[in-house]
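Colleague: Structure file entry_33.tsv, TSV, C-alpha atoms and all ligand atoms, is pasted below:
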```tsv
chain	number	residue	atom	x	y	z
A	1	MET	CA	13.06	8.26	-10.61
A	2	SER	CA	12.85	8.52	-6.84
A	3	GLY	CA	15.45	10.80	-5.24
A	4	ALA	CA	15.74	8.17	-2.49
A	5	ILE	CA	18.29	6.15	-4.50
A	6	GLU	CA	20.81	8.99	-4.68
A	7	THR	CA	20.11	9.95	-1.07
A	8	ALA	CA	20.77	6.39	0.11
A	9	ARG	CA	24.05	6.26	-1.81
A	10	THR	CA	25.30	9.60	-0.45
A	11	ARG	CA	24.26	8.87	3.12
A	12	PHE	CA	25.80	5.40	2.95
A	13	GLU	CA	29.16	6.94	2.01
A	14	ARG	CA	28.86	9.42	4.85
A	15	SER	CA	27.87	6.77	7.43
A	16	PHE	CA	30.18	3.92	6.44
A	17	GLY	CA	33.04	5.84	4.77
A	18	ALA	CA	32.92	3.72	1.60
A	19	SER	CA	30.79	3.36	-1.54
A	20	PRO	CA	27.97	0.80	-1.42
A	21	ASP	CA	28.19	-2.35	-3.59
A	22	GLY	CA	24.60	-1.69	-4.73
A	23	VAL	CA	21.37	0.20	-4.06
A	24	ALA	CA	18.01	-1.60	-4.10
A	25	PHE	CA	14.69	0.21	-4.44
A	26	ALA	CA	11.00	-0.59	-3.89
A	27	PRO	CA	8.09	1.81	-4.53
A	28	GLY	CA	5.12	2.78	-2.41
A	29	ARG	CA	1.64	2.24	-3.80
A	30	VAL	CA	-1.74	3.84	-4.12
A	31	ASN	CA	-4.81	1.63	-4.27
A	32	LEU	CA	-7.18	2.93	-6.95
A	33	ILE	CA	-10.11	0.83	-5.73
A	34	GLY	CA	-10.73	-2.43	-3.82
A	35	ASP	CA	-10.06	-1.79	-0.14
A	36	HIS	CA	-10.31	-4.36	2.64
A	37	VAL	CA	-10.96	-7.07	0.09
A	38	ASP	CA	-7.46	-8.58	-0.26
A	39	TYR	CA	-7.75	-10.66	2.92
A	40	ASN	CA	-11.18	-11.76	1.71
A	41	ASP	CA	-9.59	-13.28	-1.43
A	42	GLY	CA	-11.06	-10.49	-3.59
A	43	LEU	CA	-9.89	-8.28	-6.46
A	44	VAL	CA	-7.83	-5.12	-5.98
A	45	LEU	CA	-6.52	-2.43	-8.32
A	46	PRO	CA	-3.39	-0.82	-6.85
A	47	MET	CA	-0.64	1.05	-8.66
A	48	PRO	CA	3.05	1.58	-7.75
A	49	LEU	CA	4.23	5.15	-7.12
A	50	ALA	CA	7.51	6.70	-8.24
A	51	LEU	CA	8.31	7.46	-4.58
A	52	GLY	CA	9.56	4.69	-2.32
A	53	THR	CA	12.40	3.26	-0.23
A	54	ALA	CA	16.03	2.77	-1.22
A	55	VAL	CA	18.50	0.51	0.59
A	56	ALA	CA	22.23	0.91	-0.09
A	57	TRP	CA	24.25	-2.20	0.82
A	58	LYS	CA	27.82	-3.44	1.07
A	59	ARG	CA	29.25	-6.78	2.14
A	60	ARG	CA	31.18	-6.91	5.40
A	61	GLU	CA	33.64	-9.41	6.88
A	62	ASP	CA	31.48	-10.86	9.67
A	63	GLU	CA	27.94	-12.31	9.70
A	64	LEU	CA	26.14	-9.29	11.14
A	65	LEU	CA	23.72	-6.86	9.54
A	66	ASP	CA	24.45	-3.25	10.51
A	67	VAL	CA	21.46	-1.11	9.50
A	68	ARG	CA	21.29	2.69	9.56
A	69	ALA	CA	17.90	4.31	9.06
A	70	SER	CA	18.53	7.85	7.93
A	71	ASP	CA	14.82	8.75	7.97
A	72	TYR	CA	14.28	7.46	11.48
A	73	GLY	CA	16.59	9.82	13.38
A	74	ASP	CA	19.75	8.02	12.14
A	75	GLU	CA	18.92	5.04	14.34
A	76	VAL	CA	21.28	2.07	14.20
A	77	LEU	CA	20.30	-1.60	14.41
A	78	GLN	CA	22.77	-4.47	14.55
A	79	PHE	CA	21.76	-8.13	14.58
A	80	HIS	CA	22.53	-11.60	13.32
A	81	PRO	CA	19.83	-12.68	10.83
A	82	GLY	CA	19.64	-16.05	12.55
A	83	GLU	CA	18.30	-14.40	15.75
A	84	GLU	CA	14.52	-14.38	16.22
A	85	PRO	CA	13.28	-10.77	15.70
A	86	PRO	CA	11.39	-8.98	18.48
A	87	VAL	CA	7.64	-8.54	17.97
A	88	GLN	CA	7.06	-4.78	18.09
A	89	ASP	CA	5.94	-1.72	16.16
A	90	GLY	CA	8.36	0.16	13.98
A	91	TRP	CA	11.01	-0.49	11.39
A	92	HIS	CA	13.30	-2.74	13.49
A	93	SER	CA	11.00	-5.74	13.45
A	94	LEU	CA	10.29	-5.33	9.71
A	95	VAL	CA	13.97	-5.21	8.74
A	96	HIS	CA	15.02	-7.93	11.13
A	97	GLY	CA	12.00	-10.03	10.14
A	98	MET	CA	12.80	-9.87	6.41
A	99	ALA	CA	16.42	-10.83	7.04
A	100	HIS	CA	15.39	-13.65	9.36
A	101	LEU	CA	12.87	-15.23	6.98
A	102	LEU	CA	15.20	-14.91	3.97
A	103	GLN	CA	17.99	-16.46	6.02
A	104	GLU	CA	15.68	-19.41	6.75
A	105	GLU	CA	15.38	-19.83	2.97
A	106	GLY	CA	19.18	-19.83	2.68
A	107	LEU	CA	19.20	-16.45	0.97
A	108	VAL	CA	21.35	-14.35	3.26
A	109	GLY	CA	24.92	-14.77	2.05
A	110	GLY	CA	26.82	-13.05	4.88
A	111	GLY	CA	27.13	-9.81	6.83
A	112	LEU	CA	26.09	-6.48	5.29
A	113	ASP	CA	26.18	-2.77	6.01
A	114	LEU	CA	22.82	-1.28	5.02
A	115	LEU	CA	21.46	2.24	4.84
A	116	ILE	CA	17.76	3.00	4.37
A	117	ALA	CA	16.44	6.25	2.85
A	118	GLY	CA	12.91	6.89	1.60
A	119	ASP	CA	10.76	9.67	0.23
A	120	LEU	CA	7.28	8.30	0.93
A	121	PRO	CA	5.21	10.23	3.44
A	122	ARG	CA	4.72	7.83	6.38
A	123	GLY	CA	1.43	7.14	8.14
A	124	SER	CA	-0.40	8.19	5.00
A	125	GLY	CA	-1.71	4.89	3.67
A	126	LEU	CA	0.83	4.61	0.83
A	127	SER	CA	2.46	1.37	2.04
A	128	SER	CA	5.69	2.67	3.46
A	129	SER	CA	6.09	-0.58	5.42
A	130	ALA	CA	5.63	-2.91	2.42
A	131	SER	CA	8.02	-0.65	0.51
A	132	LEU	CA	10.60	-0.96	3.30
A	133	CYS	CA	10.24	-4.75	3.52
A	134	ILE	CA	10.55	-5.32	-0.23
A	135	ALA	CA	13.49	-2.88	-0.55
A	136	ILE	CA	15.34	-4.71	2.25
A	137	GLY	CA	14.46	-8.05	0.66
A	138	ARG	CA	15.80	-6.87	-2.72
A	139	ALA	CA	19.03	-5.62	-1.15
A	140	LEU	CA	19.60	-9.00	0.56
A	141	LEU	CA	18.76	-10.91	-2.63
A	142	GLU	CA	21.11	-8.71	-4.71
A	143	ALA	CA	23.90	-9.30	-2.19
A	144	ALA	CA	23.26	-13.06	-2.36
A	145	GLY	CA	23.21	-12.99	-6.19
A	146	ALA	CA	19.59	-14.18	-6.21
A	147	MET	CA	18.01	-11.43	-8.33
A	148	GLY	CA	15.85	-13.95	-10.20
A	149	TYR	CA	13.91	-14.73	-7.00
A	150	SER	CA	10.13	-14.83	-7.47
A	151	PRO	CA	8.45	-11.46	-6.70
A	152	THR	CA	5.35	-13.34	-5.54
A	153	ARG	CA	7.39	-15.33	-3.02
A	154	LEU	CA	9.13	-12.16	-1.84
A	155	ALA	CA	5.71	-10.54	-1.35
A	156	GLN	CA	4.51	-13.55	0.67
A	157	ILE	CA	7.57	-13.35	2.91
A	158	ALA	CA	6.99	-9.62	3.50
A	159	GLN	CA	3.36	-10.37	4.43
A	160	GLN	CA	4.55	-13.05	6.88
A	161	VAL	CA	6.85	-10.47	8.47
A	162	GLU	CA	3.87	-8.16	9.10
A	163	HIS	CA	1.85	-11.02	10.56
A	164	ARG	CA	4.56	-12.55	12.74
A	165	PHE	CA	6.72	-9.63	13.83
A	166	ALA	CA	4.59	-6.47	13.50
A	167	GLY	CA	1.24	-7.83	14.69
A	168	VAL	CA	-0.66	-6.63	11.59
A	169	ALA	CA	-2.95	-9.23	9.99
A	170	CYS	CA	-2.67	-7.55	6.57
A	171	GLY	CA	-3.60	-8.99	3.19
A	172	ILE	CA	-1.21	-9.44	0.26
A	173	MET	CA	-2.13	-6.45	-1.94
A	174	ASP	CA	0.58	-4.01	-0.82
A	175	GLN	CA	3.43	-6.48	-0.95
A	176	MET	CA	2.35	-7.84	-4.36
A	177	VAL	CA	2.07	-4.49	-6.11
A	178	VAL	CA	5.28	-3.24	-4.51
A	179	ALA	CA	7.18	-6.40	-5.51
A	180	ALA	CA	5.62	-7.12	-8.92
A	181	GLY	CA	3.89	-3.92	-10.11
A	182	LYS	CA	5.09	-1.94	-13.08
A	183	GLU	CA	5.57	1.83	-12.83
A	184	GLY	CA	2.85	3.76	-14.60
A	185	LYS	CA	0.43	0.79	-14.71
A	186	ALA	CA	-2.32	-0.31	-12.38
A	187	MET	CA	-2.41	-3.99	-11.41
A	188	LEU	CA	-5.70	-5.89	-11.34
A	189	LEU	CA	-4.76	-8.55	-8.81
A	190	ASP	CA	-6.78	-11.58	-7.83
A	191	CYS	CA	-5.81	-12.04	-4.18
A	192	ARG	CA	-6.88	-15.68	-4.19
A	193	SER	CA	-4.95	-17.02	-7.18
A	194	LEU	CA	-2.32	-14.22	-7.07
A	195	GLU	CA	-2.74	-13.85	-10.82
A	196	TRP	CA	-2.78	-10.34	-12.22
A	197	ARG	CA	-2.94	-8.26	-15.34
A	198	GLN	CA	-1.50	-4.82	-15.92
A	199	VAL	CA	-4.09	-2.11	-16.60
A	200	GLY	CA	-2.78	0.84	-18.62
A	201	LEU	CA	-4.31	4.23	-17.78
A	202	PRO	CA	-5.40	6.58	-20.58
A	203	GLU	CA	-2.91	9.36	-21.33
A	204	ASP	CA	-5.58	12.04	-21.05
A	205	TRP	CA	-6.45	11.09	-17.45
A	206	SER	CA	-4.61	12.12	-14.29
A	207	VAL	CA	-4.35	10.25	-10.99
A	208	ILE	CA	-3.50	12.45	-8.02
A	209	VAL	CA	-2.83	11.43	-4.43
A	210	VAL	CA	-3.67	13.99	-1.77
A	211	GLN	CA	-2.64	13.67	1.86
A	212	SER	CA	-5.64	14.07	4.12
A	213	GLY	CA	-3.40	15.32	6.92
A	214	VAL	CA	-5.10	12.78	9.25
A	215	THR	CA	-2.27	10.36	10.00
A	216	ARG	CA	-2.97	6.70	10.53
A	217	GLU	CA	-1.62	6.01	13.97
A	218	LEU	CA	-2.43	3.16	16.31
A	219	VAL	CA	-5.00	1.75	13.92
A	220	ASP	CA	-3.63	-1.82	13.77
A	221	GLY	CA	-6.23	-2.95	16.32
A	222	ALA	CA	-9.11	-1.54	14.26
A	223	TYR	CA	-7.68	-3.14	11.10
A	224	ASN	CA	-7.32	-6.56	12.71
A	225	SER	CA	-10.84	-6.41	14.16
A	226	ARG	CA	-12.30	-5.62	10.71
A	227	ARG	CA	-10.57	-8.72	9.41
A	228	THR	CA	-12.01	-10.82	12.23
A	229	ASP	CA	-15.53	-9.45	11.48
A	230	CYS	CA	-15.15	-10.47	7.83
A	231	GLU	CA	-13.97	-13.97	8.68
A	232	ALA	CA	-16.86	-14.44	11.11
A	233	ALA	CA	-19.32	-13.21	8.44
A	234	ALA	CA	-17.92	-15.67	5.88
A	235	GLU	CA	-18.25	-18.52	8.36
A	236	ALA	CA	-21.85	-17.59	9.19
A	237	LEU	CA	-22.68	-17.46	5.47
A	238	GLY	CA	-21.12	-20.89	5.01
A	239	VAL	CA	-18.42	-19.81	2.55
A	240	ALA	CA	-14.62	-20.09	2.67
A	241	SER	CA	-14.28	-16.33	2.25
A	242	LEU	CA	-16.47	-13.35	1.33
A	243	ARG	CA	-15.12	-13.66	-2.24
A	244	ASP	CA	-17.40	-16.68	-2.61
A	245	VAL	CA	-20.61	-14.78	-1.83
A	246	ASP	CA	-22.94	-14.37	-4.80
A	247	PRO	CA	-23.94	-10.67	-4.71
A	248	ALA	CA	-27.29	-11.40	-6.34
A	249	GLY	CA	-28.35	-14.31	-4.12
A	250	VAL	CA	-26.94	-13.47	-0.68
A	251	ASP	CA	-29.17	-13.26	2.38
A	252	TYR	CA	-27.47	-11.17	5.06
A	253	SER	CA	-30.15	-11.90	7.67
A	254	ALA	CA	-28.07	-14.76	9.14
A	255	LEU	CA	-25.50	-12.17	10.24
A	256	GLY	CA	-25.31	-9.82	13.19
A	257	GLU	CA	-25.61	-6.11	12.39
A	258	THR	CA	-21.87	-5.34	12.31
A	259	GLN	CA	-20.99	-8.45	10.36
A	260	ALA	CA	-23.68	-7.65	7.78
A	261	LEU	CA	-22.30	-4.14	7.26
A	262	ARG	CA	-18.74	-5.44	6.81
A	263	ALA	CA	-19.85	-8.20	4.43
A	264	ARG	CA	-21.95	-5.82	2.32
A	265	HIS	CA	-18.91	-3.58	1.88
A	266	VAL	CA	-16.61	-6.42	0.84
A	267	VAL	CA	-19.05	-8.10	-1.55
A	268	SER	CA	-19.95	-4.81	-3.28
A	269	GLU	CA	-16.32	-3.59	-3.34
A	270	ILE	CA	-15.13	-6.69	-5.20
A	271	GLU	CA	-17.80	-6.06	-7.84
A	272	ARG	CA	-16.88	-2.34	-8.05
A	273	THR	CA	-13.23	-3.24	-8.58
A	274	ARG	CA	-14.13	-5.54	-11.45
A	275	GLN	CA	-16.26	-2.76	-12.98
A	276	ALA	CA	-13.59	-0.11	-12.41
A	277	ALA	CA	-11.01	-2.11	-14.38
A	278	ALA	CA	-13.58	-2.43	-17.20
A	279	ALA	CA	-14.32	1.33	-17.04
A	280	ILE	CA	-10.59	2.05	-17.42
A	281	ASP	CA	-10.35	-0.36	-20.37
A	282	ASP	CA	-13.37	1.42	-21.91
A	283	ARG	CA	-11.88	4.88	-21.13
A	284	ASP	CA	-15.11	5.75	-19.31
A	285	LEU	CA	-14.04	8.35	-16.73
A	286	GLU	CA	-17.59	9.24	-15.73
A	287	ARG	CA	-18.41	5.63	-14.87
A	288	LEU	CA	-15.14	5.23	-12.98
A	289	GLY	CA	-15.85	8.42	-11.00
A	290	SER	CA	-19.20	7.13	-9.89
A	291	LEU	CA	-17.63	3.82	-8.75
A	292	LEU	CA	-15.02	5.77	-6.74
A	293	ARG	CA	-17.73	7.79	-4.99
A	294	ASP	CA	-19.69	4.62	-4.19
A	295	ALA	CA	-16.53	2.96	-2.88
A	296	HIS	CA	-15.92	5.86	-0.51
A	297	ALA	CA	-19.48	5.80	0.76
A	298	SER	CA	-19.15	2.06	1.39
A	299	MET	CA	-15.93	2.46	3.38
A	300	ARG	CA	-17.61	5.24	5.37
A	301	ASP	CA	-21.06	3.76	6.02
A	302	LEU	CA	-20.64	-0.01	5.83
A	303	PHE	CA	-17.03	-0.69	6.73
A	304	GLU	CA	-16.94	2.27	9.15
A	305	ALA	CA	-13.25	2.82	8.43
A	306	SER	CA	-13.28	6.47	7.40
A	307	HIS	CA	-12.82	9.71	9.32
A	308	PRO	CA	-15.12	12.79	9.37
A	309	GLN	CA	-12.38	15.15	8.19
A	310	VAL	CA	-11.57	12.84	5.26
A	311	ASP	CA	-15.27	12.50	4.37
A	312	ALA	CA	-15.56	16.31	4.13
A	313	GLN	CA	-12.40	16.45	1.98
A	314	VAL	CA	-13.65	13.72	-0.36
A	315	ASP	CA	-17.03	15.49	-0.79
A	316	TRP	CA	-15.27	18.77	-1.55
A	317	LEU	CA	-12.90	17.12	-4.04
A	318	ASN	CA	-15.79	15.38	-5.80
A	319	GLU	CA	-17.47	18.77	-6.17
A	320	ILE	CA	-14.46	20.47	-7.71
A	321	ILE	CA	-13.75	17.50	-10.04
A	322	GLY	CA	-17.33	17.18	-11.32
A	323	ALA	CA	-18.71	14.16	-13.19
A	324	GLN	CA	-15.54	13.44	-15.22
A	325	GLY	CA	-13.65	11.61	-12.45
A	326	GLY	CA	-13.98	11.20	-8.71
A	327	ALA	CA	-12.22	10.87	-5.36
A	328	ARG	CA	-12.10	8.37	-2.51
A	329	MET	CA	-10.03	7.63	0.57
A	330	THR	CA	-7.46	4.96	-0.30
A	331	GLY	CA	-5.82	2.14	1.66
A	332	GLY	CA	-6.54	0.83	5.13
A	333	GLY	CA	-8.60	3.88	6.11
A	334	PHE	CA	-9.05	5.90	9.30
A	335	GLY	CA	-7.22	8.78	7.58
A	336	GLY	CA	-4.22	8.54	5.27
A	337	SER	CA	-4.53	9.58	1.65
A	338	ILE	CA	-7.19	10.31	-0.94
A	339	VAL	CA	-6.87	9.20	-4.56
A	340	LEU	CA	-8.59	11.17	-7.28
A	341	PHE	CA	-9.05	10.81	-11.02
A	342	CYS	CA	-9.71	13.72	-13.35
A	343	GLU	CA	-9.07	14.70	-16.95
A	344	ALA	CA	-5.37	15.47	-17.44
A	345	SER	CA	-6.34	18.89	-18.81
A	346	GLU	CA	-8.03	19.63	-15.44
A	347	ALA	CA	-5.18	18.43	-13.19
A	348	ASP	CA	-3.41	21.79	-12.77
A	349	ARG	CA	-6.70	23.47	-11.90
A	350	VAL	CA	-7.63	20.77	-9.36
A	351	VAL	CA	-4.19	20.83	-7.67
A	352	GLY	CA	-4.32	24.66	-7.68
A	353	GLU	CA	-7.70	24.65	-5.94
A	354	ILE	CA	-6.45	22.14	-3.35
A	355	ASP	CA	-3.46	24.38	-2.59
A	356	ARG	CA	-5.42	27.63	-2.59
A	357	ASP	CA	-8.77	26.70	-1.01
A	358	GLY	CA	-8.58	23.08	0.13
A	359	LYS	CA	-5.68	23.39	2.54
A	360	PRO	CA	-7.09	26.31	4.59
A	361	LEU	CA	-10.67	24.99	4.39
A	362	HIS	CA	-10.09	21.28	4.97
A	363	GLY	CA	-6.56	20.87	6.38
A	364	PHE	CA	-5.10	18.69	3.63
A	365	GLY	CA	-1.47	17.63	4.22
A	366	GLU	CA	1.43	19.23	2.39
A	367	VAL	CA	2.40	16.65	-0.23
A	368	THR	CA	0.31	16.18	-3.37
A	369	ILE	CA	1.60	13.37	-5.59
A	370	ARG	CA	0.93	13.14	-9.33
A	371	ALA	CA	0.73	9.35	-9.67
A	372	HIS	CA	-0.16	9.47	-13.37
A	373	ASN	CA	0.16	12.46	-15.74
A	401	LIG	C1	-3.65	-2.08	4.30
A	401	LIG	C2	-3.24	-3.55	4.25
A	401	LIG	C3	-3.66	-4.21	2.94
A	401	LIG	C4	-5.12	-3.94	2.64
A	401	LIG	C5	-5.45	-2.46	2.80
A	401	LIG	C6	-6.93	-2.18	2.65
A	401	LIG	O1	-2.93	-1.35	3.34
A	401	LIG	O2	-1.84	-3.67	4.39
A	401	LIG	O3	-3.40	-5.59	2.99
A	401	LIG	O4	-5.98	-4.75	3.42
A	401	LIG	O5	-5.04	-1.96	4.05
A	401	LIG	O6	-7.33	-2.46	1.37
```
Would you mind writing the file out in structure tokens?
Modeller:
Amino acid sequence: MSGAIETARTRFERSFGASPDGVAFAPGRVNLIGDHVDYNDGLVLPMPLALGTAVAWKRREDELLDVRASDYGDEVLQFHPGEEPPVQDGWHSLVHGMAHLLQEEGLVGGGLDLLIAGDLPRGSGLSSSASLCIAIGRALLEAAGAMGYSPTRLAQIAQQVEHRFAGVACGIMDQMVVAAGKEGKAMLLDCRSLEWRQVGLPEDWSVIVVQSGVTRELVDGAYNSRRTDCEAAAEALGVASLRDVDPAGVDYSALGETQALRARHVVSEIERTRQAAAAIDDRDLERLGSLLRDAHASMRDLFEASHPQVDAQVDWLNEIIGAQGGARMTGGGFGGSIVLFCEASEADRVVGEIDRDGKPLHGFGEVTIRAHN
């Protein structure tokens, strides 16, 4: 269990001088494979982490929300959920945006004191913002006695918040896995129909998340422009989205050079995600490893969303893992985290080598997360 829940409770008591009525929690996520395909209606394979965001809450007499963010320098935010949130970077617009959209649905019962505490490394591609949005949403729903609310709908609201109040034209993957994923299982999600199935990982495999140490800052513009490239490519190919492209029959010559690169990444990544889920079902770690290496190369060469330091780290990790497993950058790109698979019996050795040789050689970040075994 994440330590964030206890931290939120203790800090709430310290800040507000009373015990909270409840503590809501939402995890972060790591995407195993399928990046930059969610907003192209494709298939993704993310997995919730044990780390995440906790929100302690207590009803108050008036209609205001008083929010303390213990991880953001103890900042305080007070607002009425009926007010239109400001459009800006940072946690204010996410929290205010969630409250505002849930209020529009009649789901904010009254005023609340709220305290946020999390243990996810930020800026590392592990969905700290989706985790924050869903944790706030769950706290508000608990306070309104609406715990049966649809996780899919909550995910859609959190995505709207990113679009409308944070200026990020993100897909639905992060919010869906954070709201509806099951700890310890990957989620094969169809981002068009929003149907999914849980994918259990073999007990004798490990999934490890390594911080690259390259933080994702000011990359919203690059993210949004990739999305625009993909939409333009779909239009030029005469399809509703790149999901509809037939990998065998497509002719990329109608596209400009950049659009063709982006489209080739998306079309091949959707197919790799399908094959990766099958490789997990078949317990074929060698096959999965080769798909992970291909996925990284595609993000680097076709989608041009990697970073030279991360490329060197991924190459080094693939060498120390060998054929039974593999590594790739995960998430939106331009830095962030790397996900790797290896045999569970090899995990201690791999983590040991990262700590001993990888950090001085390649500048990995401090936190290494064991996401599975
Ligand atoms: C970010 C976005 C997601 C998704 C990934 C890339 O995490 O929030 O919607 O597009 O990047 O796969």
Colleague: May I have the residues within 7 Å of region 260-270 of chain A as a VMD selection string, using only C-alpha atoms and disregarding those fewer than 4 positions away in the same chain?
Modeller: chain A and resid 34 36 to 37 42 to 43 229 to 230 233 242 to 243 245 247 252 255 to 256 274 295 298 to 299 302 to 303
Colleague: Which residues are close to region 325-330 of chain A, i.e. within 6 Å by all atoms listed in the file, leaving aside same-chain residues fewer than 6 positions away? Reply as a PyMOL selection string.
Modeller: chain A and resi 31+285-286+289+292+296+314+318+337-342
Colleague: Give the residue list for ligand LIG 401 (chain A) at 9 Å, counting only C-alpha atoms and all ligand atoms, as a PyMOL selection string, sorted by chain and then by residue number.
Modeller: chain A and resi 31+33-40+44+125-127+129-130+159+162+168-175+223+227+330-333
Colleague: Which residue out of A:Val310, A:Leu114, A:Leu32, A:Ala50 has the minimum interatomic distance to Leu64 (chain A) when all atoms listed in the file are used?
Modeller: A:Leu114
Colleague: Find, counting only C-alpha atoms, the residue in A:Ile280, A:Leu140, A:Ala146, A:Leu288 that gets nearest to Gly200 (chain A).
Modeller: A:Ile280
Colleague: Which is closer to Asp62 (chain A) than all the others in A:Gly109, A:Phe25, A:Phe16, A:Thr228, using only C-alpha atoms?
Modeller: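 For Asp62 (chain A), the nearest of the given residues is A:Gly109.
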Colleague: Can you tell me, as a JSON list (two decimals) with C-alpha atoms, in the coordinates of the input, what residues are no more than 10 Å from Gly145 (chain A) when counting only C-alpha atoms, ignoring any on the same chain fewer than 6 positions away?
Modeller:
```
[["chain", "number", "residue", "atom", "x", "y", "z"],
["A", 107, "LEU", "CA", 19.20, -16.45, 0.97],
["A", 108, "VAL", "CA", 21.35, -14.35, 3.26],
["A", 109, "GLY", "CA", 24.92, -14.77, 2.05],
["A", 139, "ALA", "CA", 19.03, -5.62, -1.15]]
```
Colleague: As an exercise, work out the distance from CA of Gln211 (chain A) to CA of Gly365 (chain A) in Å and give it to one decimal place.
Modeller: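 For CA of Gln211 (chain A) relative to CA of Gly365 (chain A), the distance reads 4.8 Å.
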Colleague: Applying 7 Å and all atoms listed in the file, which residues near Ala4 (chain A) remain after dropping the ones on its own chain fewer than 3 positions away? List them as a PyMOL selection string.
Modeller: chain A and resi 7-8+53-54+117-119
Colleague: Using CA of Val95 (chain A) and CA of Pro81 (chain A) as the two end points, give the distance in Å to one decimal.
Modeller: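 If I compute the distance from CA of Val95 (chain A) to CA of Pro81 (chain A), I get 9.7 Å.
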Colleague: Hey, can you check how far CA of Val351 (chain A) sits from CA of Gln275 (chain A)?
Modeller: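 These atoms are spaced 27.0 Å apart.
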Colleague: Which is closest to Met176 (chain A) among A:Thr368, A:Ser225, A:Thr152, A:Thr215, if we use only C-alpha atoms?
Modeller: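 Selected residue with least distance to Met176 (chain A): A:Thr152.
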Colleague: Which neighbours of His362 (chain A) fall inside 8 Å, counting all atoms listed in the file, when residues of the same chain fewer than 5 positions from it are skipped, and could you give them as a PyMOL selection string?
Modeller: chain A and resi 309+312-313
Colleague: Can you spit out the residues from that selection as a PDB file, in the frame of the given file, using C-alpha atoms?
Modeller:
```
ATOM      1  CA  GLN A 309     -12.380  15.150   8.190  1.00  0.00           C
ATOM      2  CA  ALA A 312     -15.560  16.310   4.130  1.00  0.00           C
ATOM      3  CA  GLN A 313     -12.400  16.450   1.980  1.00  0.00           C
TER       4      GLN A 313
END
```
Colleague: Every residue with an atom at most 8 Å from (2.6, 2.9, -2.6) (file coordinates; only C-alpha atoms) is what I'm after, so could you write them as a compact mmCIF listing (two decimals) with C-alpha atoms, in the coordinates of the input?
Modeller:
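So the final result, stored in part04.txt, reads:
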```txt
# COMPACT_ATOMS: atom_id res chain seq x y z
CA PRO A 27 8.09 1.81 -4.53
CA GLY A 28 5.12 2.78 -2.41
CA ARG A 29 1.64 2.24 -3.80
CA VAL A 30 -1.74 3.84 -4.12
CA ASN A 31 -4.81 1.63 -4.27
CA MET A 47 -0.64 1.05 -8.66
CA PRO A 48 3.05 1.58 -7.75
CA LEU A 49 4.23 5.15 -7.12
CA LEU A 51 8.31 7.46 -4.58
CA GLY A 52 9.56 4.69 -2.32
CA LEU A 120 7.28 8.30 0.93
CA GLY A 125 -1.71 4.89 3.67
CA LEU A 126 0.83 4.61 0.83
CA SER A 127 2.46 1.37 2.04
CA SER A 128 5.69 2.67 3.46
CA SER A 131 8.02 -0.65 0.51
CA ASP A 174 0.58 -4.01 -0.82
CA VAL A 178 5.28 -3.24 -4.51
```
Colleague: For His307 (chain A), which residue out of A:Arg60, A:Arg349, A:Arg216, A:His372 is the nearest one, using all atoms listed in the file?
Modeller: A:Arg216
Colleague: Which residue is closest to Gln103 (chain A)? Choose from A:Glu6, A:Glu142, A:Asp355, A:Glu83 and count only C-alpha atoms.
Modeller: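 Among the listed residues, the smallest separation from Gln103 (chain A) belongs to A:Glu83.
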Colleague: Using all atoms listed in the file, can you list as a PDB file with C-alpha atoms, in the frame of the given file the residues within 6 Å of (22.3, 2.8, 9.2)?
Modeller:
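Contents of the output file part.pdb:
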```pdb
ATOM      1  CA  VAL A  67      21.460  -1.110   9.500  1.00  0.00           C
ATOM      2  CA  ARG A  68      21.290   2.690   9.560  1.00  0.00           C
ATOM      3  CA  ALA A  69      17.900   4.310   9.060  1.00  0.00           C
ATOM      4  CA  VAL A  76      21.280   2.070  14.200  1.00  0.00           C
ATOM      5  CA  LEU A 114      22.820  -1.280   5.020  1.00  0.00           C
ATOM      6  CA  LEU A 115      21.460   2.240   4.840  1.00  0.00           C
TER       7      LEU A 115
END
```
